[in-house]
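K.L.:
Following this line is input-v9.cif, made up of mmCIF, C-alpha atoms and all ligand atoms:
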data_start
loop_
_atom_site.label_atom_id
_atom_site.label_comp_id
_atom_site.auth_asym_id
_atom_site.auth_seq_id
_atom_site.Cartn_x
_atom_site.Cartn_y
_atom_site.Cartn_z
CA MET A 170 0.00 26.86 -23.24
CA LYS A 171 -1.75 23.63 -24.02
CA TYR A 172 0.19 21.73 -21.31
CA ASP A 173 1.69 22.73 -17.97
CA LEU A 174 4.05 19.77 -18.12
CA LEU A 175 5.10 17.38 -20.83
CA LEU A 176 6.85 14.09 -20.06
CA GLN A 177 8.60 12.96 -23.22
CA GLY A 178 9.33 9.49 -24.46
CA GLY A 179 8.86 7.27 -21.40
CA LYS A 180 7.96 3.60 -21.29
CA ILE A 181 4.47 3.58 -19.89
CA VAL A 182 3.44 0.86 -17.47
CA ASP A 183 -0.26 0.95 -16.75
CA LYS A 184 -3.01 -1.60 -16.00
CA GLY A 185 -0.50 -4.44 -15.87
CA PHE A 186 0.99 -3.76 -19.32
CA ILE A 187 4.18 -2.14 -20.53
CA ASP A 188 4.30 0.00 -23.66
CA ASP A 189 7.86 0.11 -24.96
CA ARG A 190 7.23 2.58 -27.76
CA GLY A 191 8.12 5.77 -25.97
CA MET A 192 5.06 7.86 -25.23
CA ASP A 193 4.47 11.45 -24.26
CA ILE A 194 2.17 12.56 -21.48
CA GLY A 195 0.74 16.06 -21.50
CA VAL A 196 -0.53 17.40 -18.18
CA LYS A 197 -2.84 20.38 -17.72
CA GLY A 198 -4.57 21.71 -14.62
CA GLY A 199 -3.49 18.78 -12.48
CA VAL A 200 -5.03 16.27 -14.86
CA ILE A 201 -3.55 13.95 -17.49
CA ALA A 202 -4.63 15.70 -20.68
CA GLU A 203 -3.12 13.57 -23.42
CA VAL A 204 -1.12 10.36 -23.77
CA ARG A 205 0.34 9.65 -27.20
CA PRO A 206 3.63 9.77 -29.10
CA ASP A 207 4.95 13.07 -30.42
CA LEU A 208 3.14 15.76 -28.47
CA ASN A 209 4.46 19.19 -29.37
CA PRO A 210 7.00 20.42 -26.78
CA LEU A 211 6.45 24.00 -27.91
CA GLU A 212 2.96 23.76 -26.46
CA ALA A 213 4.26 22.92 -22.96
CA HIS A 214 5.33 25.23 -20.18
CA GLN A 215 7.78 22.63 -18.84
CA VAL A 216 9.27 19.67 -20.70
CA VAL A 217 11.00 16.71 -19.05
CA ASP A 218 12.80 14.09 -21.10
CA VAL A 219 11.98 10.73 -19.52
CA SER A 220 13.18 8.53 -22.37
CA GLY A 221 14.63 5.28 -21.07
CA PHE A 222 12.64 5.58 -17.87
CA ILE A 223 9.49 3.83 -16.75
CA VAL A 224 6.49 6.07 -16.37
CA ALA A 225 3.92 4.64 -13.98
CA PRO A 226 0.88 6.09 -12.27
CA GLY A 227 1.75 7.73 -8.95
CA LEU A 228 2.36 4.82 -6.62
CA ILE A 229 -0.17 3.92 -3.96
CA ASP A 230 1.20 2.50 -0.73
CA PHE A 231 -1.90 0.62 0.36
CA HIS A 232 -0.74 0.01 3.92
CA ALA A 233 1.66 2.36 5.72
CA HIS A 234 1.62 4.43 8.91
CA ALA A 235 1.65 8.20 9.09
CA PHE A 236 0.30 8.34 12.65
CA LEU A 237 1.46 5.19 14.45
CA GLU A 238 2.10 6.11 18.12
CA ALA A 239 0.67 9.47 17.06
CA ARG A 240 3.91 10.35 15.33
CA GLU A 241 5.54 7.65 13.13
CA LEU A 242 6.36 9.02 9.68
CA GLY A 243 4.21 11.96 10.74
CA LEU A 244 5.91 15.07 9.45
CA GLU A 245 8.26 12.91 7.38
CA THR A 246 5.39 11.58 5.28
CA ASP A 247 5.92 13.90 2.33
CA SER A 248 9.69 13.60 2.22
CA THR A 249 9.47 9.82 2.55
CA CYS A 250 6.69 9.26 0.05
CA LEU A 251 7.39 11.79 -2.66
CA SER A 252 11.09 10.86 -2.85
CA THR A 253 10.13 7.24 -3.53
CA GLY A 254 7.40 7.68 -6.12
CA VAL A 255 4.52 7.36 -3.67
CA THR A 256 1.76 9.91 -4.21
CA THR A 257 -0.96 8.17 -2.19
CA LEU A 258 -0.52 6.64 1.24
CA VAL A 259 -3.23 4.59 2.92
CA ASP A 260 -2.78 4.66 6.66
CA GLY A 261 -3.42 1.23 8.11
CA GLY A 262 -5.32 2.04 11.27
CA SER A 263 -2.86 4.25 13.12
CA SER A 264 -5.86 6.15 14.43
CA GLY A 265 -9.19 5.20 15.95
CA ALA A 266 -12.38 7.12 16.74
CA ALA A 267 -10.68 8.99 19.59
CA THR A 268 -7.65 10.12 17.61
CA PHE A 269 -8.64 10.28 13.93
CA GLU A 270 -9.64 13.93 13.89
CA GLY A 271 -6.27 14.99 15.31
CA PHE A 272 -4.54 12.91 12.67
CA LYS A 273 -6.68 14.58 10.01
CA GLU A 274 -6.18 18.14 11.20
CA PHE A 275 -2.46 18.01 11.88
CA LEU A 276 -1.22 15.59 9.23
CA ILE A 277 -3.66 14.53 6.54
CA ASP A 278 -4.92 18.03 5.74
CA ARG A 279 -1.39 19.46 5.61
CA ALA A 280 0.35 16.80 3.57
CA GLU A 281 1.13 17.08 -0.10
CA THR A 282 0.88 13.30 -0.31
CA ARG A 283 -2.72 12.11 -0.64
CA ILE A 284 -3.43 10.33 2.65
CA LEU A 285 -6.45 8.09 3.15
CA ALA A 286 -7.08 5.89 6.14
CA PHE A 287 -8.45 2.73 7.61
CA LEU A 288 -9.93 3.55 11.01
CA HIS A 289 -8.93 1.22 13.82
CA ILE A 290 -11.76 -0.53 15.67
CA SER A 291 -9.89 0.36 18.88
CA SER A 292 -10.65 4.00 19.67
CA ILE A 293 -6.99 4.70 20.50
CA GLY A 294 -5.80 3.23 17.22
CA LEU A 295 -2.11 2.40 17.42
CA ALA A 296 -1.26 5.23 19.82
CA ASP A 297 0.50 2.89 22.25
CA LEU A 298 2.14 -0.19 20.82
CA LEU A 299 3.35 -1.33 24.23
CA THR A 300 -0.23 -2.10 25.23
CA GLY A 301 -2.27 -4.27 22.91
CA GLU A 302 -4.95 -1.94 21.56
CA SER A 303 -7.57 -4.70 21.55
CA THR A 304 -6.85 -6.22 24.97
CA TYR A 305 -9.46 -3.97 26.63
CA LEU A 306 -12.74 -4.46 24.80
CA PRO A 307 -14.54 -1.27 25.96
CA LEU A 308 -12.20 0.60 23.60
CA LEU A 309 -13.71 -1.33 20.71
CA ASN A 310 -17.07 0.34 20.13
CA PRO A 311 -18.61 -0.47 16.73
CA GLN A 312 -21.20 2.33 16.91
CA ARG A 313 -18.67 5.02 17.71
CA THR A 314 -16.25 3.72 15.09
CA ALA A 315 -18.99 3.59 12.44
CA GLU A 316 -20.06 7.14 13.26
CA MET A 317 -16.53 8.46 12.76
CA ALA A 318 -16.16 6.53 9.51
CA GLY A 319 -19.52 7.88 8.35
CA LYS A 320 -18.41 11.43 9.04
CA TYR A 321 -15.51 11.18 6.56
CA PRO A 322 -16.67 9.13 3.58
CA GLY A 323 -14.00 8.78 0.93
CA LEU A 324 -11.31 9.64 3.45
CA ILE A 325 -11.89 6.71 5.79
CA LEU A 326 -11.86 3.72 3.48
CA GLY A 327 -12.57 0.95 5.96
CA ILE A 328 -12.02 -0.51 9.40
CA LYS A 329 -8.72 -1.95 10.67
CA VAL A 330 -8.15 -4.64 13.26
CA ARG A 331 -5.03 -6.54 14.34
CA GLN A 332 -5.66 -10.21 15.10
CA GLN A 333 -2.27 -10.86 16.64
CA LYS A 334 -1.91 -12.70 19.97
CA GLU A 335 -0.10 -9.77 21.58
CA THR A 336 -2.66 -7.19 20.48
CA VAL A 337 -5.86 -9.04 21.44
CA GLY A 338 -4.77 -10.68 24.73
CA ASN A 339 -7.46 -13.13 25.80
CA ASN A 340 -10.08 -11.77 23.45
CA GLY A 341 -9.54 -14.28 20.66
CA ILE A 342 -11.39 -13.29 17.54
CA GLU A 343 -13.82 -10.88 19.21
CA PRO A 344 -11.96 -7.77 17.97
CA LEU A 345 -12.52 -8.90 14.37
CA ARG A 346 -16.21 -9.50 15.07
CA LEU A 347 -16.51 -5.97 16.46
CA ALA A 348 -14.59 -4.54 13.50
CA LYS A 349 -16.95 -6.32 11.11
CA GLN A 350 -19.92 -4.88 13.03
CA ALA A 351 -18.51 -1.38 12.70
CA ALA A 352 -17.86 -1.90 8.99
CA SER A 353 -21.42 -3.07 8.51
CA LEU A 354 -22.91 -0.17 10.54
CA ALA A 355 -20.83 2.22 8.40
CA GLY A 356 -22.65 1.01 5.33
CA GLY A 357 -20.60 -1.98 4.28
CA LEU A 358 -17.02 -0.71 4.36
CA PRO A 359 -14.17 -3.20 3.94
CA THR A 360 -12.31 -4.53 6.95
CA MET A 361 -8.53 -4.86 6.89
CA VAL A 362 -7.25 -7.54 9.23
CA HIS A 363 -3.63 -7.98 10.34
CA VAL A 364 -2.93 -11.71 10.61
CA THR A 365 0.66 -12.06 11.91
CA ASN A 366 0.97 -14.53 14.82
CA PRO A 367 -2.82 -14.90 15.16
CA PRO A 368 -4.53 -16.38 18.23
CA VAL A 369 -6.54 -18.75 16.00
CA PRO A 370 -5.78 -20.46 12.68
CA LEU A 371 -6.04 -18.16 9.65
CA SER A 372 -9.01 -20.17 8.40
CA GLN A 373 -11.11 -18.98 11.36
CA ILE A 374 -10.28 -15.37 10.50
CA LEU A 375 -11.07 -15.91 6.82
CA ASP A 376 -14.43 -17.45 7.76
CA LEU A 377 -15.55 -14.07 9.13
CA LEU A 378 -14.47 -12.08 6.07
CA GLU A 379 -16.63 -10.98 3.17
CA PRO A 380 -15.75 -10.07 -0.42
CA GLY A 381 -13.68 -6.87 -0.46
CA ASP A 382 -12.21 -7.43 2.99
CA ILE A 383 -8.42 -7.36 3.17
CA VAL A 384 -5.96 -9.75 4.75
CA THR A 385 -2.74 -7.85 5.42
CA HIS A 386 0.66 -9.46 6.13
CA PHE A 387 -0.33 -12.68 4.33
CA LEU A 388 3.34 -13.61 3.76
CA HIS A 389 4.46 -13.38 7.40
CA GLY A 390 6.55 -16.15 8.94
CA ARG A 391 5.35 -15.85 12.53
CA GLY A 392 2.83 -18.33 13.90
CA MET A 393 -0.13 -19.80 12.04
CA GLY A 394 -0.20 -18.60 8.45
CA ILE A 395 -1.31 -19.24 4.92
CA LEU A 396 0.62 -22.52 4.49
CA ASN A 397 -0.71 -25.79 5.90
CA GLY A 398 1.37 -28.61 7.45
CA ASP A 399 2.59 -29.72 4.01
CA LYS A 400 3.80 -26.18 3.27
CA ARG A 401 1.09 -25.79 0.67
CA ILE A 402 -1.37 -22.92 0.48
CA SER A 403 -4.35 -23.81 2.64
CA ALA A 404 -7.65 -24.58 0.94
CA SER A 405 -9.30 -21.89 3.05
CA ALA A 406 -6.98 -19.19 1.63
CA ARG A 407 -7.68 -20.30 -1.93
CA GLU A 408 -11.39 -20.34 -1.23
CA ALA A 409 -11.14 -16.87 0.34
CA ARG A 410 -9.48 -15.47 -2.77
CA GLN A 411 -12.20 -17.06 -4.90
CA ARG A 412 -14.76 -15.24 -2.78
CA GLY A 413 -13.05 -11.90 -3.37
CA ILE A 414 -10.93 -11.47 -0.26
CA ILE A 415 -7.91 -9.23 -0.96
CA PHE A 416 -4.35 -10.29 0.00
CA ASP A 417 -1.96 -7.46 0.91
CA VAL A 418 1.77 -7.79 1.68
CA GLY A 419 2.24 -5.09 4.39
CA HIS A 420 6.00 -5.74 4.65
CA GLY A 421 6.79 -3.76 7.81
CA ARG A 422 9.26 -4.82 10.44
CA ASN A 423 7.83 -8.32 10.98
CA HIS A 424 5.64 -9.42 8.13
CA LEU A 425 7.60 -10.64 5.13
CA ASN A 426 9.31 -14.03 5.11
CA PHE A 427 11.01 -15.07 1.87
CA PRO A 428 10.61 -18.87 2.28
CA VAL A 429 6.85 -18.37 2.80
CA ALA A 430 6.67 -15.88 -0.07
CA ARG A 431 8.52 -18.23 -2.43
CA ARG A 432 6.16 -21.12 -1.71
CA VAL A 433 3.08 -18.97 -2.05
CA LEU A 434 4.25 -17.32 -5.28
CA ASP A 435 5.41 -20.66 -6.70
CA GLU A 436 1.83 -21.86 -6.37
CA GLY A 437 0.74 -18.89 -8.45
CA PHE A 438 -0.89 -17.07 -5.55
CA LEU A 439 0.29 -13.49 -6.20
CA PRO A 440 -0.36 -10.52 -3.93
CA ASP A 441 -3.22 -8.19 -4.80
CA THR A 442 -1.33 -5.29 -3.29
CA ILE A 443 2.31 -4.82 -2.26
CA SER A 444 2.62 -2.31 0.55
CA THR A 445 5.29 -1.26 3.03
CA ASP A 446 3.44 -1.04 6.37
CA LEU A 447 6.01 1.71 6.71
CA THR A 448 7.06 3.37 9.96
CA ARG A 449 10.26 5.11 10.93
CA GLY A 450 11.59 1.77 12.11
CA GLY A 451 10.66 0.05 8.86
CA LYS A 452 12.22 2.87 6.88
CA ALA A 453 15.50 2.43 8.75
CA GLY A 454 15.16 -1.37 8.60
CA VAL A 455 14.63 -3.87 5.82
CA ALA A 456 11.34 -2.60 4.35
CA ARG A 457 13.00 0.75 3.56
CA ASN A 458 10.47 2.15 1.06
CA LEU A 459 7.86 1.04 -1.45
CA LEU A 460 10.23 0.78 -4.41
CA HIS A 461 12.54 -1.42 -2.36
CA CYS A 462 9.58 -3.66 -1.42
CA LEU A 463 8.44 -3.85 -5.05
CA SER A 464 11.99 -4.76 -6.11
CA LYS A 465 11.89 -7.73 -3.73
CA PHE A 466 8.91 -9.10 -5.63
CA LEU A 467 10.75 -8.65 -8.93
CA SER A 468 13.52 -10.76 -7.39
CA LEU A 469 10.95 -13.34 -6.26
CA GLY A 470 10.02 -13.77 -9.93
CA MET A 471 7.05 -11.49 -10.55
CA ASP A 472 7.16 -9.47 -13.77
CA LEU A 473 7.42 -5.68 -13.73
CA PRO A 474 3.89 -4.80 -14.90
CA SER A 475 2.37 -7.19 -12.34
CA VAL A 476 4.51 -5.77 -9.57
CA LEU A 477 3.60 -2.19 -10.44
CA ALA A 478 -0.09 -3.12 -10.73
CA CYS A 479 0.11 -4.10 -7.03
CA ALA A 480 0.90 -0.47 -6.21
CA THR A 481 -1.30 1.25 -8.80
CA THR A 482 -4.16 -0.44 -10.65
CA ASN A 483 -5.04 -2.95 -7.94
CA PRO A 484 -5.16 -0.67 -4.90
CA ALA A 485 -7.03 1.98 -6.92
CA ARG A 486 -9.69 -0.60 -7.79
CA ILE A 487 -9.93 -1.78 -4.18
CA MET A 488 -10.24 1.86 -3.07
CA LYS A 489 -12.97 2.43 -5.69
CA MET A 490 -10.83 5.20 -7.19
CA GLU A 491 -10.30 3.65 -10.62
CA GLY A 492 -9.94 6.30 -13.29
CA VAL A 493 -8.85 8.87 -10.68
CA ILE A 494 -5.57 7.46 -9.32
CA GLY A 495 -3.46 4.43 -10.14
CA THR A 496 -3.84 5.04 -13.86
CA LEU A 497 -2.34 7.18 -16.61
CA LYS A 498 -5.49 7.39 -18.66
CA GLU A 499 -6.60 10.77 -19.92
CA GLY A 500 -8.71 12.59 -17.37
CA ALA A 501 -7.05 10.95 -14.37
CA CYS A 502 -5.36 12.96 -11.63
CA ALA A 503 -1.81 13.75 -12.80
CA ASP A 504 -0.03 11.78 -10.08
CA ILE A 505 2.89 10.18 -11.92
CA SER A 506 6.00 8.25 -10.89
CA VAL A 507 9.00 8.18 -13.20
CA LEU A 508 11.29 5.30 -12.29
CA SER A 509 14.45 3.66 -13.50
CA LEU A 510 14.94 -0.09 -13.60
CA GLU A 511 18.56 -0.62 -12.63
CA SER A 512 20.51 -3.76 -13.43
CA GLY A 513 23.16 -5.18 -11.12
CA GLU A 514 23.64 -7.64 -8.30
CA PHE A 515 21.41 -6.75 -5.40
CA VAL A 516 20.81 -8.50 -2.09
CA PHE A 517 17.43 -8.16 -0.41
CA GLU A 518 16.58 -9.10 3.16
CA ASP A 519 13.27 -10.20 4.69
CA CYS A 520 12.13 -9.65 8.30
CA ASP A 521 13.58 -12.92 9.57
CA GLY A 522 17.19 -12.67 8.40
CA ASN A 523 16.74 -14.49 5.07
CA THR A 524 18.24 -12.99 1.94
CA ILE A 525 17.65 -13.33 -1.79
CA ARG A 526 19.62 -12.02 -4.74
CA GLY A 527 18.16 -10.05 -7.57
CA GLN A 528 19.36 -8.47 -10.78
CA ARG A 529 16.93 -5.59 -11.00
CA ARG A 530 15.71 -2.84 -8.75
CA LEU A 531 13.41 0.12 -9.13
CA MET A 532 14.76 3.56 -8.30
CA PRO A 533 12.94 6.91 -8.23
CA GLN A 534 13.65 9.60 -10.84
CA TYR A 535 10.78 12.09 -10.85
CA THR A 536 7.56 12.40 -8.86
CA ILE A 537 4.62 14.41 -10.15
CA ARG A 538 1.78 15.17 -7.77
CA ARG A 539 -1.41 16.85 -9.03
CA GLY A 540 0.44 17.84 -12.21
CA ARG A 541 3.40 19.47 -10.50
CA LEU A 542 6.94 18.13 -10.68
CA ILE A 543 7.49 17.93 -6.97
CA TRP A 544 10.60 15.80 -6.58
CA GLN A 545 13.48 14.77 -8.80
CA HIS A 546 16.56 12.64 -8.35
CA LYS A 547 19.64 14.81 -8.16
ZN ZN A 601 0.33 -1.79 9.71
#
Starting from the coordinates I provided, produce the structure as structure tokens.

P.N.:
Amino acid sequence: MKYDLLLQGGKIVDKGFIDDRGMDIGVKGGVIAEVRPDLNPLEAHQVVDVSGFIVAPGLIDFHAHAFLEARELGLETDSTCLSTGVTTLVDGGSSGAATFEGFKEFLIDRAETRILAFLHISSIGLADLLTGESTYLPLLNPQRTAEMAGKYPGLILGIKVRQQKETVGNNGIEPLRLAKQAASLAGGLPTMVHVTNPPVPLSQILDLLEPGDIVTHFLHGRGMGILNGDKRISASAREARQRGIIFDVGHGRNHLNFPVARRVLDEGFLPDTISTDLTRGGKAGVARNLLHCLSKFLSLGMDLPSVLACATTNPARIMKMEGVIGTLKEGACADISVLSLESGEFVFEDCDGNTIRGQRRLMPQYTIRRGRLIWQHK
């Protein structure tokens, strides 16, 4: 057979564009073999009619947690991700140099979902959320962190640090400095910095960042943020974006505030990536899953291709995996999400009790991982 799997007649959304024509995708050997109208179904082992549905690259959740407190999501990673169109999860620093290899052996290596990771500058990662992981500086060893990152190139994408008052104690911005040192020692990896309720103004954090570094939780509503006293986007944030700093949503339990998001989006400052910062708590709470988070940004006024680009094209580029994931081009890994765009009256909630109404939401239909139909809506 020419194809293992043929997806027939879907509306392809890729690279920030939608193609309404109804296209076929032929998959062979785990790779996207052909994308064009009218592929021959007789040449396919399995045929799935996806007409009327959106066909997107397998979604990338650029910031979630498979190993928070050494368990969150954990064994639920596959069921959570694959049932919501997510084929790649980037763990946002659940593990550090002392715990990464356990995370790898017991979870990453056994998951069907592709899991990549940012390594926390604190050696314990986020093993104990009750104690700020960066309150005790001896845990933050740039050399040791860089060595672990260097041991797993391509799997460890960068260094994570949380610059939140509660997680750094009296250490101010020193954890970020140490994270940047580790990133540099590891050969210039990006640093992802959590900025909710920071001990210093966001501008001081941005001053330490270099092109390719990532600000996560940029739409939080807790403490000093991206808006200045006039509720306008600060000049330092605009300048940071100009320099190539990446802005990630990281919804989570505490990090999305609709009034902030509205103001920021109204000024045309769109997220680079929309991610869940998912944990079991977030899953049971208002973040719920990646499609739910993406639907919130549709309701905030972003168009569908731009929203999907924040979970496909954009994270793939940031991860330097363009052409491999986050795309439906021929030769790419056959990770594919088939989605429906439902119409109705939907209410969405942020982390601070605010709600918005929306008329559209994305729902999962089929998930294909490495060319295999691995989940379908019943
Ligand atoms: Zn996180």

K.L.:
Mind giving me the straight-line distance from CA of Asp519 in chain A to CA of Ser475 in chain A in Å, one decimal?

P.N.:
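Taking CA of Asp519 in chain A as the start and CA of Ser475 in chain A as the end point, the length is 20.4 Å.
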
K.L.:
Taking 3 positions as the minimum chain separation for residues in the same chain, which residues sit within 8 Å of range 264-277 of chain A when counting all atoms listed in the file? Answer as an MDAnalysis selection string.

P.N.:
chainID A and resid 235:237 239 243:244 280 283:285 288:296 313:314 317

K.L.:
Mind pulling up the distance from CA of Asn483 in chain A to CA of Asp189 in chain A?

P.N.:
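Separating CA of Asp189 in chain A from CA of Asn483 in chain A is a distance of 21.6 Å.
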
K.L.:
Kindly give the distance, in Å, that separates CA of Ile443 in chain A and CA of Gly178 in chain A, rounded to a single decimal.

P.N.:
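Spanning CA of Ile443 in chain A to CA of Gly178 in chain A is a straight-line distance of 27.3 Å.
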
K.L.:
Using all atoms listed in the file, can you tell me which of A:Asp188, A:Asp173, A:Gly261, A:Gln350 comes closest to Gly221 in chain A?

P.N.:
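The closest residue to Gly221 in chain A is A:Asp188.
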
K.L.:
Taking only C-alpha atoms and all ligand atoms into account, which residues have an atom no farther than 8 Å from ligand ZN 601 (chain A)? I'd like them as a list in words.

P.N.:
His232, Ala233, His234, Asp260, Gly261, Gly262, Ser263, His363, Gly419, Gly421, Asp446 and Leu447 of chain A

K.L.:
Would you pick out the contacts of Arg346 in chain A at 10 Å or less, using all atoms listed in the file, so that residues sharing its chain but fewer than 5 positions from it are not included, and give the list as a compact mmCIF listing (two decimals) with C-alpha atoms, keeping the file's coordinate frame?

P.N.:
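Below is the file around.txt, written as the result:
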# COMPACT_ATOMS: atom_id res chain seq x y z
CA PRO A 311 -18.61 -0.47 16.73
CA VAL A 330 -8.15 -4.64 13.26
CA GLY A 341 -9.54 -14.28 20.66
CA ALA A 351 -18.51 -1.38 12.70
CA ALA A 352 -17.86 -1.90 8.99
CA ILE A 374 -10.28 -15.37 10.50
CA LEU A 377 -15.55 -14.07 9.13
CA LEU A 378 -14.47 -12.08 6.07

K.L.:
So, counting all atoms listed in the file, which residue among A:Gln528, A:Gln534, A:Thr282, A:Thr481 is closest to Lys184 in chain A?

P.N.:
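Result for the nearest residue to Lys184 in chain A: A:Thr481.
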
K.L.:
From the list A:Ser444, A:Thr253, A:Pro344, A:Lys400, which residue is nearest Pro484 in chain A when using only C-alpha atoms?

P.N.:
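Under the stated criterion, the closest residue is A:Ser444.
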
K.L.:
Tell me, as a list in words, which residues lie within 9 Å of Phe387 in chain A, counting all atoms listed in the file; anything in the same chain fewer than 2 positions away does not count.

P.N.:
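Counting all atoms listed in the file, the residues come to His363, Val364, Thr365, Val384, Thr385, His389, Gly390, Gly394, Ile395, Phe416, Asp417, Val418, Gly419, His424, Leu425, Ala430 and Pro440 of chain A.
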
K.L.:
What residues have an atom no more than 10 Å from (-9.7, -5.6, 6.1) in the file's own frame, counting only C-alpha atoms, and can you write them as a ChimeraX atom specification?

P.N.:
/A:261,287,326-331,345,348-349,352,358-363,378-385,414-417

K.L.:
Extract, using all atoms listed in the file, all DNA, RNA and protein residues at most 10 Å from Asp376 in chain A, discarding same-chain residues fewer than 5 positions from it, and format them as a PyMOL selection string.

P.N.:
chain A and resi 371+405-406+408-409

K.L.:
How would the residues just chosen look if you wrote them out with C-alpha atoms as a PDB file, in the frame of the given file?

P.N.:
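So result-v4.pdb came out as:
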ATOM      1  CA  LEU A 371      -6.040 -18.160   9.650  1.00  0.00           C
ATOM      2  CA  SER A 405      -9.300 -21.890   3.050  1.00  0.00           C
ATOM      3  CA  ALA A 406      -6.980 -19.190   1.630  1.00  0.00           C
ATOM      4  CA  GLU A 408     -11.390 -20.340  -1.230  1.00  0.00           C
ATOM      5  CA  ALA A 409     -11.140 -16.870   0.340  1.00  0.00           C
TER       6      ALA A 409
END

K.L.:
For Thr482 in chain A, which residue out of A:Ile229, A:Arg240, A:Asn423, A:Phe466 is the nearest one, using all atoms listed in the file?

P.N.:
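Ranking A:Ile229, A:Arg240, A:Asn423, A:Phe466 by distance to Thr482 in chain A, first place goes to A:Ile229.
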
K.L.:
Starting from the point (-9.4, 9.3, -13.6), work out which residues of protein, DNA or RNA have an atom no more than 12 Å away when counting all atoms listed in the file; state them as a PDB file with C-alpha atoms, keeping the file's coordinate frame.

P.N.:
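As written to disk, selection.pdb reads:
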ATOM      1  CA  GLY A 199      -3.490  18.780 -12.480  1.00  0.00           C
ATOM      2  CA  VAL A 200      -5.030  16.270 -14.860  1.00  0.00           C
ATOM      3  CA  ILE A 201      -3.550  13.950 -17.490  1.00  0.00           C
ATOM      4  CA  ALA A 202      -4.630  15.700 -20.680  1.00  0.00           C
ATOM      5  CA  PRO A 226       0.880   6.090 -12.270  1.00  0.00           C
ATOM      6  CA  THR A 482      -4.160  -0.440 -10.650  1.00  0.00           C
ATOM      7  CA  ALA A 485      -7.030   1.980  -6.920  1.00  0.00           C
ATOM      8  CA  ARG A 486      -9.690  -0.600  -7.790  1.00  0.00           C
ATOM      9  CA  LYS A 489     -12.970   2.430  -5.690  1.00  0.00           C
ATOM     10  CA  MET A 490     -10.830   5.200  -7.190  1.00  0.00           C
ATOM     11  CA  GLU A 491     -10.300   3.650 -10.620  1.00  0.00           C
ATOM     12  CA  GLY A 492      -9.940   6.300 -13.290  1.00  0.00           C
ATOM     13  CA  VAL A 493      -8.850   8.870 -10.680  1.00  0.00           C
ATOM     14  CA  ILE A 494      -5.570   7.460  -9.320  1.00  0.00           C
ATOM     15  CA  GLY A 495      -3.460   4.430 -10.140  1.00  0.00           C
ATOM     16  CA  THR A 496      -3.840   5.040 -13.860  1.00  0.00           C
ATOM     17  CA  LEU A 497      -2.340   7.180 -16.610  1.00  0.00           C
ATOM     18  CA  LYS A 498      -5.490   7.390 -18.660  1.00  0.00           C
ATOM     19  CA  GLU A 499      -6.600  10.770 -19.920  1.00  0.00           C
ATOM     20  CA  GLY A 500      -8.710  12.590 -17.370  1.00  0.00           C
ATOM     21  CA  ALA A 501      -7.050  10.950 -14.370  1.00  0.00           C
ATOM     22  CA  CYS A 502      -5.360  12.960 -11.630  1.00  0.00           C
ATOM     23  CA  ALA A 503      -1.810  13.750 -12.800  1.00  0.00           C
ATOM     24  CA  ASP A 504      -0.030  11.780 -10.080  1.00  0.00           C
ATOM     25  CA  ARG A 539      -1.410  16.850  -9.030  1.00  0.00           C
TER      26      ARG A 539
END

K.L.:
From the options A:Asn523, A:Ser403, A:Asn458, A:Thr445, which residue's atoms come nearest to Val433 in chain A, counting only C-alpha atoms?

P.N.:
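Smallest distance to Val433 in chain A is found for A:Ser403.
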
K.L.:
Select, from A:Cys520, A:Met471, A:Ser509, A:Leu439, the residue with the minimum atom-to-atom distance to Phe427 in chain A, counting only C-alpha atoms.

P.N.:
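Residue with the minimum atom-to-atom distance to Phe427 in chain A: A:Cys520.
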
K.L.:
With only C-alpha atoms as the counted atoms, please give the residues lying no more than 7 Å from Gln333 in chain A, apart from itself and same-chain residues fewer than 3 positions off, as a PDB file with C-alpha atoms, keeping the file's coordinate frame.

P.N.:
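Final output, saved to part.pdb:
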ATOM      1  CA  THR A 336      -2.660  -7.190  20.480  1.00  0.00           C
ATOM      2  CA  VAL A 337      -5.860  -9.040  21.440  1.00  0.00           C
ATOM      3  CA  VAL A 364      -2.930 -11.710  10.610  1.00  0.00           C
ATOM      4  CA  THR A 365       0.660 -12.060  11.910  1.00  0.00           C
ATOM      5  CA  ASN A 366       0.970 -14.530  14.820  1.00  0.00           C
ATOM      6  CA  PRO A 367      -2.820 -14.900  15.160  1.00  0.00           C
ATOM      7  CA  PRO A 368      -4.530 -16.380  18.230  1.00  0.00           C
TER       8      PRO A 368
END
